[in-house]
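Below is one structure, written out as structure tokens; comments come after it.
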Amino acid sequence: MLTVSFIEENLGYNLSEIDPEKAFFHPALEIDKIFKLVGAGYKKHFDDVESITSRMDASDISDATNNNRCHCFKKFCDDLTS
């Protein structure tokens with residue numbers, strides 16, 4: 001199962017502490033590396049994105065916008081609600 005600690009043990013970064021927008025030049029490549037840890041893959045296709053976002057709930061979105069780790073995502077959500 002993909003957890004923050006499992007990803008950190010295998011790839012060397014803690015997703016709870018970094019801003020992926022700043023840490024990764026090609027975030028989709030990092031997502032693919034993460035998925036490959038469990039024998040899956042990510043190629044930025046609609047079905048891949050839908051599979052990820054369908055598992056998100058309001059607390060995931062709140063966490064992503066309130067922890068200052070994803071500036072562009074926070075701006076996007078703020079623009080939607082203003």
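For the structure tokens, the naming scheme is as follows: chains receive sequential letters (A, B, ...) according to their order of presentation, residues are indexed from 1 within each chain, and ligands are indexed from 1 in presentation order.
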Find the residues around range 36-41 of chain A up to 12 Å (only C-alpha atoms counted), leave out those fewer than 6 positions away in its own chain, and share them as a list of chain:residue names. A:Met1, A:Leu2, A:Thr3, A:Phe6, A:Ile7, A:Glu8, A:Glu9, A:Asn10, A:Leu11, A:Ala28, A:Leu29, A:Glu30, A:Asp47, A:Asp48, A:Val49, A:Ser51, A:Ile52
Per DSSP on the backbone, filter chain A down to the residues in alpha helix (DSSP H) and report them as an NGL selection string. :A and (4-11 or 20-23 or 27-36 or 46-53 or 58-66 or 71-81)
Set the distance at 12 Å and use only C-alpha atoms: which residues neighbour Arg69 in chain A once local chain neighbours fewer than 5 positions away are removed? I'd like the list as a list in words.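 Selected residues are Asn14, Leu15, Ser16, Glu17, Ile18, Asp19, Pro20, Glu21, Lys22, Ala23, Ile61, Ser62, Asp63, Ala64, Lys74 and Lys75 of chain A.
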Would you work out the distance separating CA of Ser82 in chain A from CA of Cys70 in chain A, expressed in Å to one decimal?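 Here the two named atoms are 18.3 Å from each other.
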Here is a test: counting only C-alpha atoms, which residue of A:Asp78, A:Ala58, A:Ile31, A:Asn66 is nearest to Lys43 in chain A?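 Looking only at the distances to Lys43 in chain A, the closest residue turns out to be A:Ile31.
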